[in-house]
file start_6.txt (compact mmCIF, C-alpha atoms)
# COMPACT_ATOMS: atom_id res chain seq x y z
CA MET A 1 13.28 12.41 18.24
CA THR A 2 12.44 9.11 19.92
CA SER A 3 12.61 5.88 17.93
CA LEU A 4 9.61 5.06 15.77
CA PHE A 5 7.75 1.78 16.10
CA PRO A 6 7.20 0.23 12.64
CA MET A 7 4.00 -1.73 12.11
CA PHE A 8 1.37 -2.57 9.50
CA MET A 9 -2.13 -1.68 10.65
CA LYS A 10 -5.58 -2.90 9.64
CA LEU A 11 -7.83 0.09 8.92
CA THR A 12 -11.01 -1.71 7.88
CA GLY A 13 -13.95 0.16 9.38
CA LYS A 14 -11.75 2.78 11.04
CA GLN A 15 -12.89 6.38 10.66
CA CYS A 16 -10.29 8.76 9.28
CA LEU A 17 -10.32 12.43 8.41
CA VAL A 18 -8.45 14.02 5.53
CA VAL A 19 -8.32 17.82 5.44
CA GLY A 20 -7.49 18.92 1.92
CA ALA A 21 -8.24 17.22 -1.40
CA GLY A 22 -5.98 18.91 -3.92
CA ARG A 23 -2.49 18.22 -5.21
CA ILE A 24 -1.18 17.37 -1.73
CA GLY A 25 -4.20 15.57 -0.34
CA GLY A 26 -5.18 13.56 -3.44
CA PRO A 27 -2.37 10.98 -3.24
CA LYS A 28 -2.96 10.55 0.50
CA ILE A 29 -6.64 9.86 -0.09
CA GLY A 30 -5.77 7.47 -2.91
CA GLY A 31 -3.46 5.52 -0.62
CA LEU A 32 -6.34 4.92 1.79
CA ILE A 33 -8.97 3.84 -0.73
CA ASP A 34 -8.15 0.11 -0.69
CA THR A 35 -7.65 -0.17 3.09
CA GLY A 36 -11.33 -0.42 3.95
CA ALA A 37 -11.14 2.72 6.10
CA ARG A 38 -14.14 5.04 6.30
CA ILE A 39 -12.70 8.18 4.72
CA HIS A 40 -14.19 11.58 5.52
CA VAL A 41 -12.69 14.40 3.45
CA VAL A 42 -13.16 18.09 4.17
CA ALA A 43 -11.80 20.68 1.74
CA ILE A 44 -12.50 24.15 0.36
CA GLU A 45 -11.70 22.82 -3.11
CA ALA A 46 -11.27 19.28 -4.37
CA SER A 47 -9.71 17.69 -7.43
CA GLU A 48 -11.84 15.99 -10.04
CA GLN A 49 -10.40 12.66 -8.87
CA ALA A 50 -11.67 13.34 -5.34
CA HIS A 51 -15.13 14.11 -6.74
CA GLU A 52 -15.04 10.85 -8.71
CA TRP A 53 -14.17 8.91 -5.55
CA ALA A 54 -17.07 10.62 -3.79
CA ARG A 55 -19.51 9.78 -6.60
CA ALA A 56 -18.34 6.16 -6.46
CA GLY A 57 -19.03 6.06 -2.72
CA LYS A 58 -15.37 5.51 -1.84
CA ILE A 59 -15.09 8.66 0.29
CA ASP A 60 -17.40 11.07 2.06
CA LEU A 61 -16.51 14.50 0.63
CA GLU A 62 -17.65 17.84 2.01
CA ILE A 63 -16.70 21.09 0.30
CA ARG A 64 -16.40 23.48 3.24
CA SER A 65 -14.03 24.76 5.90
CA PHE A 66 -12.62 22.49 8.59
CA SER A 67 -14.44 22.31 11.92
CA PRO A 68 -12.93 20.85 15.10
CA HIS A 69 -16.00 18.62 15.33
CA ASP A 70 -14.77 16.86 12.17
CA LEU A 71 -12.30 15.07 14.44
CA ASP A 72 -15.01 13.56 16.64
CA ALA A 73 -14.83 9.74 16.71
CA LYS A 74 -11.93 9.70 14.25
CA PHE A 75 -9.13 7.17 14.57
CA PHE A 76 -6.57 9.33 12.78
CA ALA A 77 -6.31 12.46 10.66
CA ILE A 78 -4.25 13.55 7.68
CA VAL A 79 -3.80 17.25 7.02
CA ALA A 80 -2.81 18.19 3.47
CA THR A 81 -3.32 21.90 2.91
CA ALA A 82 -1.10 24.80 1.88
CA SER A 83 -2.12 26.80 4.96
CA GLU A 84 0.39 26.58 7.81
CA GLN A 85 -2.13 28.16 10.17
CA LEU A 86 -4.82 25.60 9.32
CA ASN A 87 -2.35 22.72 9.50
CA ARG A 88 -1.34 23.71 13.03
CA LEU A 89 -4.95 24.23 14.08
CA VAL A 90 -5.99 20.74 12.97
CA TYR A 91 -2.96 19.16 14.62
CA ARG A 92 -3.63 20.99 17.90
CA GLU A 93 -7.30 19.96 17.90
CA ALA A 94 -6.37 16.36 17.09
CA GLU A 95 -3.79 16.29 19.88
CA GLN A 96 -6.37 17.51 22.39
CA ARG A 97 -8.72 14.70 21.39
CA GLY A 98 -6.08 11.95 21.33
CA VAL A 99 -6.48 11.52 17.55
CA LEU A 100 -3.33 10.48 15.69
CA CYS A 101 -2.41 13.13 13.14
CA ASN A 102 -0.09 13.55 10.17
CA VAL A 103 0.51 16.99 8.69
CA VAL A 104 2.05 16.26 5.31
CA ASP A 105 5.69 17.34 4.96
CA VAL A 106 5.83 18.81 8.48
CA PRO A 107 7.66 16.18 10.61
CA GLU A 108 7.21 18.05 13.91
CA LEU A 109 3.43 17.91 13.39
CA CYS A 110 3.27 14.19 12.75
CA ASP A 111 2.35 11.37 15.11
CA PHE A 112 3.03 8.91 12.29
CA PHE A 113 4.71 9.01 8.89
CA TYR A 114 3.92 7.73 5.42
CA PRO A 115 6.67 5.34 4.36
CA ALA A 116 7.90 4.72 0.83
CA VAL A 117 6.43 1.31 -0.01
CA VAL A 118 7.32 -1.50 -2.38
CA ARG A 119 4.23 -3.64 -3.04
CA ARG A 120 4.31 -7.09 -4.55
CA GLY A 121 0.88 -8.50 -3.77
CA ASP A 122 0.84 -9.36 -0.06
CA LEU A 123 4.53 -8.55 0.21
CA GLN A 124 5.05 -4.98 1.38
CA ILE A 125 8.40 -3.41 2.17
CA ALA A 126 8.18 -0.01 3.86
CA ILE A 127 11.02 2.51 4.19
CA SER A 128 10.93 5.51 6.51
CA THR A 129 13.39 8.24 7.41
CA ALA A 130 11.01 9.69 10.03
CA GLY A 131 10.38 12.59 7.68
CA GLN A 132 14.05 13.57 7.52
CA SER A 133 14.61 12.71 3.86
CA PRO A 134 11.65 11.49 1.79
CA SER A 135 13.95 11.68 -1.26
CA LEU A 136 16.27 9.05 0.24
CA ALA A 137 13.29 6.85 1.07
CA GLN A 138 12.14 7.08 -2.55
CA LYS A 139 15.59 6.19 -3.89
CA LEU A 140 15.74 3.15 -1.62
CA ARG A 141 12.25 2.17 -2.77
CA GLN A 142 13.37 2.27 -6.40
CA GLN A 143 16.35 0.06 -5.60
CA LEU A 144 14.15 -2.45 -3.77
CA GLU A 145 11.63 -2.49 -6.62
CA ARG A 146 14.41 -3.67 -8.92
CA GLN A 147 15.57 -6.24 -6.38
CA PHE A 148 12.09 -7.57 -5.62
CA GLY A 149 10.50 -7.91 -9.05
CA PRO A 150 6.86 -8.65 -10.00
CA GLY A 151 7.52 -12.39 -9.69
CA TYR A 152 7.27 -12.08 -5.92
CA THR A 153 3.53 -11.43 -6.14
CA GLU A 154 2.60 -14.95 -7.22
CA TRP A 155 5.38 -16.57 -5.20
CA VAL A 156 4.23 -15.03 -1.91
CA ALA A 157 0.67 -16.16 -2.62
CA GLN A 158 1.94 -19.69 -3.26
CA LEU A 159 3.97 -19.58 -0.05
CA GLY A 160 0.82 -18.67 1.87
CA GLU A 161 -1.10 -21.64 0.47
CA THR A 162 1.80 -24.00 1.11
CA ARG A 163 2.27 -22.67 4.65
CA ARG A 164 -1.34 -23.42 5.55
CA LEU A 165 -0.99 -26.98 4.25
CA ILE A 166 2.24 -27.55 6.17
CA LEU A 167 0.85 -26.16 9.43
CA ALA A 168 -2.20 -28.42 9.10
CA SER A 169 -0.03 -31.50 8.48
CA PRO A 170 0.91 -34.08 11.15
CA LEU A 171 4.63 -33.21 10.89
CA ASP A 172 6.40 -32.28 14.12
CA LYS A 173 7.01 -28.61 14.92
CA GLU A 174 10.74 -28.61 14.12
CA CYS A 175 10.20 -30.30 10.77
CA LYS A 176 7.51 -27.75 9.86
CA TRP A 177 9.85 -24.89 10.79
CA GLU A 178 12.71 -26.26 8.64
CA LEU A 179 10.41 -26.89 5.69
CA LEU A 180 8.88 -23.41 5.82
CA HIS A 181 12.28 -21.75 5.95
CA SER A 182 13.61 -23.83 3.06
CA LEU A 183 10.62 -22.85 0.92
CA ALA A 184 11.30 -19.16 1.60
CA SER A 185 14.89 -19.32 0.37
CA ARG A 186 16.27 -17.43 -2.60
CA GLU A 187 16.92 -20.73 -4.37
CA ALA A 188 13.27 -21.73 -3.98
CA PHE A 189 12.17 -18.37 -5.40
CA GLU A 190 14.47 -18.65 -8.42
CA ALA A 191 13.23 -22.20 -9.05
CA ALA A 192 9.64 -20.94 -8.92
CA LEU A 193 10.45 -18.14 -11.37
CA ALA A 194 12.14 -20.60 -13.71
CA LYS A 195 9.05 -22.79 -13.62
CA VAL A 196 6.78 -19.83 -14.43
CA ALA A 197 9.09 -18.76 -17.24
CA ALA A 198 9.07 -22.27 -18.69
CA VAL A 199 5.27 -22.40 -18.64
CA GLU A 200 5.05 -18.95 -20.27
CA GLN A 201 7.57 -19.95 -22.94
CA ALA A 202 5.66 -23.17 -23.66
CA GLU A 203 2.42 -21.18 -24.02
CA LEU A 204 4.13 -18.68 -26.32
CA SER A 205 5.50 -21.49 -28.48
CA ARG A 206 2.08 -23.12 -28.66
CA ARG A 207 0.42 -19.87 -29.79
CA LYS A 208 3.14 -19.26 -32.35
CA LEU A 209 2.71 -22.77 -33.75
CA GLU A 210 -1.07 -22.32 -33.99
CA ASN A 211 -0.63 -18.99 -35.76
CA ASN A 212 1.79 -20.53 -38.24
CA ARG A 213 -0.60 -23.40 -38.93
CA GLY A 214 -3.47 -20.97 -39.47
CA HIS A 215 -1.38 -18.92 -41.85
CA ALA A 216 -0.33 -22.02 -43.77
CA VAL A 217 -3.96 -23.17 -44.13
CA GLY A 218 -5.02 -19.72 -45.31
CA THR A 219 -2.43 -19.70 -48.09
CA VAL A 220 -3.21 -23.17 -49.48

call {"tool": "encode", "arguments": {"input": "start_6.txt", "output": "structure tokens"}}
result
Amino acid sequence: MTSLFPMFMKLTGKQCLVVGAGRIGGPKIGGLIDTGARIHVVAIEASEQAHEWARAGKIDLEIRSFSPHDLDAKFFAIVATASEQLNRLVYREAEQRGVLCNVVDVPELCDFFYPAVVRRGDLQIAISTAGQSPSLAQKLRQQLERQFGPGYTEWVAQLGETRRLILASPLDKECKWELLHSLASREAFEAALAKVAAVEQAELSRRKLENNRGHAVGTV
């Protein structure tokens, strides 16, 4: 297999097709919901969750058999059925039309792969084994989730705001570069976490003091 090219892609407004909306297809559909893609789902049967997404206008759901015309004007397709014959049919039709296709859990019928992803706000860390060992990818994801805790969500957002201010400042290019890199250090992150923890502790102490005062007044 040739080397894969890793990238993060904007899907807003892109038309995608998902064939299958059951146990296999449901999570794939769910992963697309927040991307802004226009999701067209075709399935013989669909989960209640898929029907809820359809009622909410998040997906276009049709309960019927797949037709090759479903691939018309699509940017990519995801095939998530238990039928090997149908999976191969959709992949072959997609290939003929130049539509990128992923047949779930069948690496040889995939133009792209779903990575295991660690999400901390705008920070996303994706791990792929090119379909060779999804279990390994999941284990690595779990390790990274422990390493990159929830505190990164707010910190990355703060870094983005600070970066925009620095880039708009009159500082020279080299000074901006050094400043941005120093702010992204582990030490800077730990200092930011300590500051958040101190604020949270102060708020907790304040609430505890107010509760104690209220209790004391109530018992007088």

call {"tool": "atom_distance", "arguments": {"input": "start_6.txt", "atom1": "atom CA of A:Gly131", "atom2": "atom CA of A:Gln96"}}
result
22.8 Å

call {"tool": "closest_residue", "arguments": {"input": "start_6.txt", "among": "A:Thr129, A:Ser135, A:Asn211, A:Ser182", "to": "A:Ser3", "atoms": "all atoms listed in the file"}}
result
A:Thr129

call {"tool": "closest_residue", "arguments": {"input": "start_6.txt", "among": "A:Gly25, A:Gly36, A:Gly20, A:Gly30", "to": "A:Val90", "atoms": "only C-alpha atoms"}}
result
A:Gly20

call {"tool": "residues_around", "arguments": {"input": "start_6.txt", "residues": "stretch 116-121 of chain A", "least_positions_apart": "4", "cutoff": "7 Å", "atoms": "all atoms listed in the file", "output": "list of chain:residue names"}}
result
A:Ile125, A:Ala126, A:Ile127, A:Ser128, A:Ala137, A:Gln138, A:Arg141, A:Glu145, A:Pro150, A:Tyr152, A:Thr153

call {"tool": "axis_aligned_box", "arguments": {"input": "start_6.txt", "around": "stretch 176-195 of chain A", "padding_each_side": "3 Å", "output": "lines of an AutoDock Vina configuration file"}}
result
center_x = 12.2
center_y = -22.6
center_z = -1.5
size_x = 15.4
size_y = 16.3
size_z = 30.5

call {"tool": "residues_near_point", "arguments": {"input": "start_6.txt", "point": "(-11.9, 5.3, 11.4)", "cutoff": "7 Å", "atoms": "all atoms listed in the file", "output": "PyMOL selection string"}}
result
chain A and resi 13-16+37-38+74-76

call {"tool": "atom_distance", "arguments": {"input": "start_6.txt", "atom1": "atom CA of A:Asp60", "atom2": "atom CA of A:Val42"}}
result
8.5 Å

call {"tool": "atom_distance", "arguments": {"input": "start_6.txt", "atom1": "atom CA of A:Val99", "atom2": "atom CA of A:Ala77"}}
result
7.0 Å

call {"tool": "closest_residue", "arguments": {"input": "start_6.txt", "among": "A:Lys58, A:Ser47, A:Cys101, A:Phe112", "to": "A:Phe8", "atoms": "only C-alpha atoms"}}
result
A:Phe112

call {"tool": "closest_residue", "arguments": {"input": "start_6.txt", "among": "A:Leu86, A:Ala54, A:Leu32, A:Leu17", "to": "A:Asp70", "atoms": "only C-alpha atoms"}}
result
A:Leu17

call {"tool": "closest_residue", "arguments": {"input": "start_6.txt", "among": "A:Met9, A:Leu165, A:Leu179, A:Val41", "to": "A:Val79", "atoms": "all atoms listed in the file"}}
result
A:Val41

call {"tool": "closest_residue", "arguments": {"input": "start_6.txt", "among": "A:Leu11, A:Ala168, A:Val156, A:Ala56", "to": "A:Thr35", "atoms": "all atoms listed in the file"}}
result
A:Leu11

call {"tool": "residues_around", "arguments": {"input": "start_6.txt", "residues": "A:Arg164", "least_positions_apart": "6", "cutoff": "12 Å", "atoms": "only C-alpha atoms", "output": "PDB file with C-alpha atoms, in the coordinates of the input"}}
result
ATOM      1  CA  ALA A 157       0.670 -16.160  -2.620  1.00  0.00           C
ATOM      2  CA  GLN A 158       1.940 -19.690  -3.260  1.00  0.00           C
ATOM      3  CA  LYS A 176       7.510 -27.750   9.860  1.00  0.00           C
ATOM      4  CA  LEU A 180       8.880 -23.410   5.820  1.00  0.00           C
TER       5      LEU A 180
END

call {"tool": "build_atoms", "arguments": {"input": "start_6.txt", "residues": "stretch 161-178 of chain A", "atoms": "N, CA and C atoms", "output": "short mmCIF file (atom, residue, chain, number, x, y, z; two decimals), keeping the file's coordinate frame"}}
result
data_model
loop_
_atom_site.label_atom_id
_atom_site.label_comp_id
_atom_site.auth_asym_id
_atom_site.auth_seq_id
_atom_site.Cartn_x
_atom_site.Cartn_y
_atom_site.Cartn_z
N GLU A 161 -0.32 -20.41 0.61
CA GLU A 161 -1.10 -21.64 0.47
C GLU A 161 -0.33 -22.83 1.01
N THR A 162 0.97 -22.89 0.65
CA THR A 162 1.80 -24.00 1.11
C THR A 162 1.96 -23.98 2.62
N ARG A 163 2.11 -22.80 3.20
CA ARG A 163 2.27 -22.67 4.65
C ARG A 163 1.06 -23.23 5.39
N ARG A 164 -0.13 -22.91 4.89
CA ARG A 164 -1.34 -23.42 5.55
C ARG A 164 -1.40 -24.93 5.50
N LEU A 165 -0.98 -25.51 4.37
CA LEU A 165 -0.99 -26.98 4.25
C LEU A 165 0.01 -27.61 5.20
N ILE A 166 1.19 -27.01 5.30
CA ILE A 166 2.24 -27.55 6.17
C ILE A 166 1.81 -27.46 7.63
N LEU A 167 1.26 -26.33 8.04
CA LEU A 167 0.85 -26.16 9.43
C LEU A 167 -0.27 -27.12 9.82
N ALA A 168 -1.09 -27.50 8.83
CA ALA A 168 -2.20 -28.42 9.10
C ALA A 168 -1.77 -29.88 9.02
N SER A 169 -0.52 -30.13 8.63
CA SER A 169 -0.03 -31.50 8.48
C SER A 169 0.37 -32.09 9.84
N PRO A 170 0.54 -33.43 9.89
CA PRO A 170 0.91 -34.08 11.15
C PRO A 170 2.42 -34.03 11.45
N LEU A 171 3.19 -33.30 10.66
CA LEU A 171 4.63 -33.21 10.89
C LEU A 171 4.91 -32.55 12.24
N ASP A 172 6.06 -32.89 12.84
CA ASP A 172 6.40 -32.28 14.12
C ASP A 172 6.80 -30.82 13.90
N LYS A 173 6.81 -30.06 14.99
CA LYS A 173 7.01 -28.61 14.92
C LYS A 173 8.35 -28.24 14.28
N GLU A 174 9.42 -28.93 14.65
CA GLU A 174 10.74 -28.61 14.12
C GLU A 174 10.82 -28.88 12.63
N CYS A 175 10.20 -29.96 12.18
CA CYS A 175 10.20 -30.30 10.77
C CYS A 175 9.42 -29.24 9.96
N LYS A 176 8.29 -28.80 10.52
CA LYS A 176 7.51 -27.75 9.86
C LYS A 176 8.34 -26.48 9.72
N TRP A 177 9.05 -26.12 10.78
CA TRP A 177 9.85 -24.89 10.79
C TRP A 177 10.93 -24.97 9.71
N GLU A 178 11.64 -26.10 9.64
CA GLU A 178 12.71 -26.26 8.64
C GLU A 178 12.16 -26.22 7.22
#
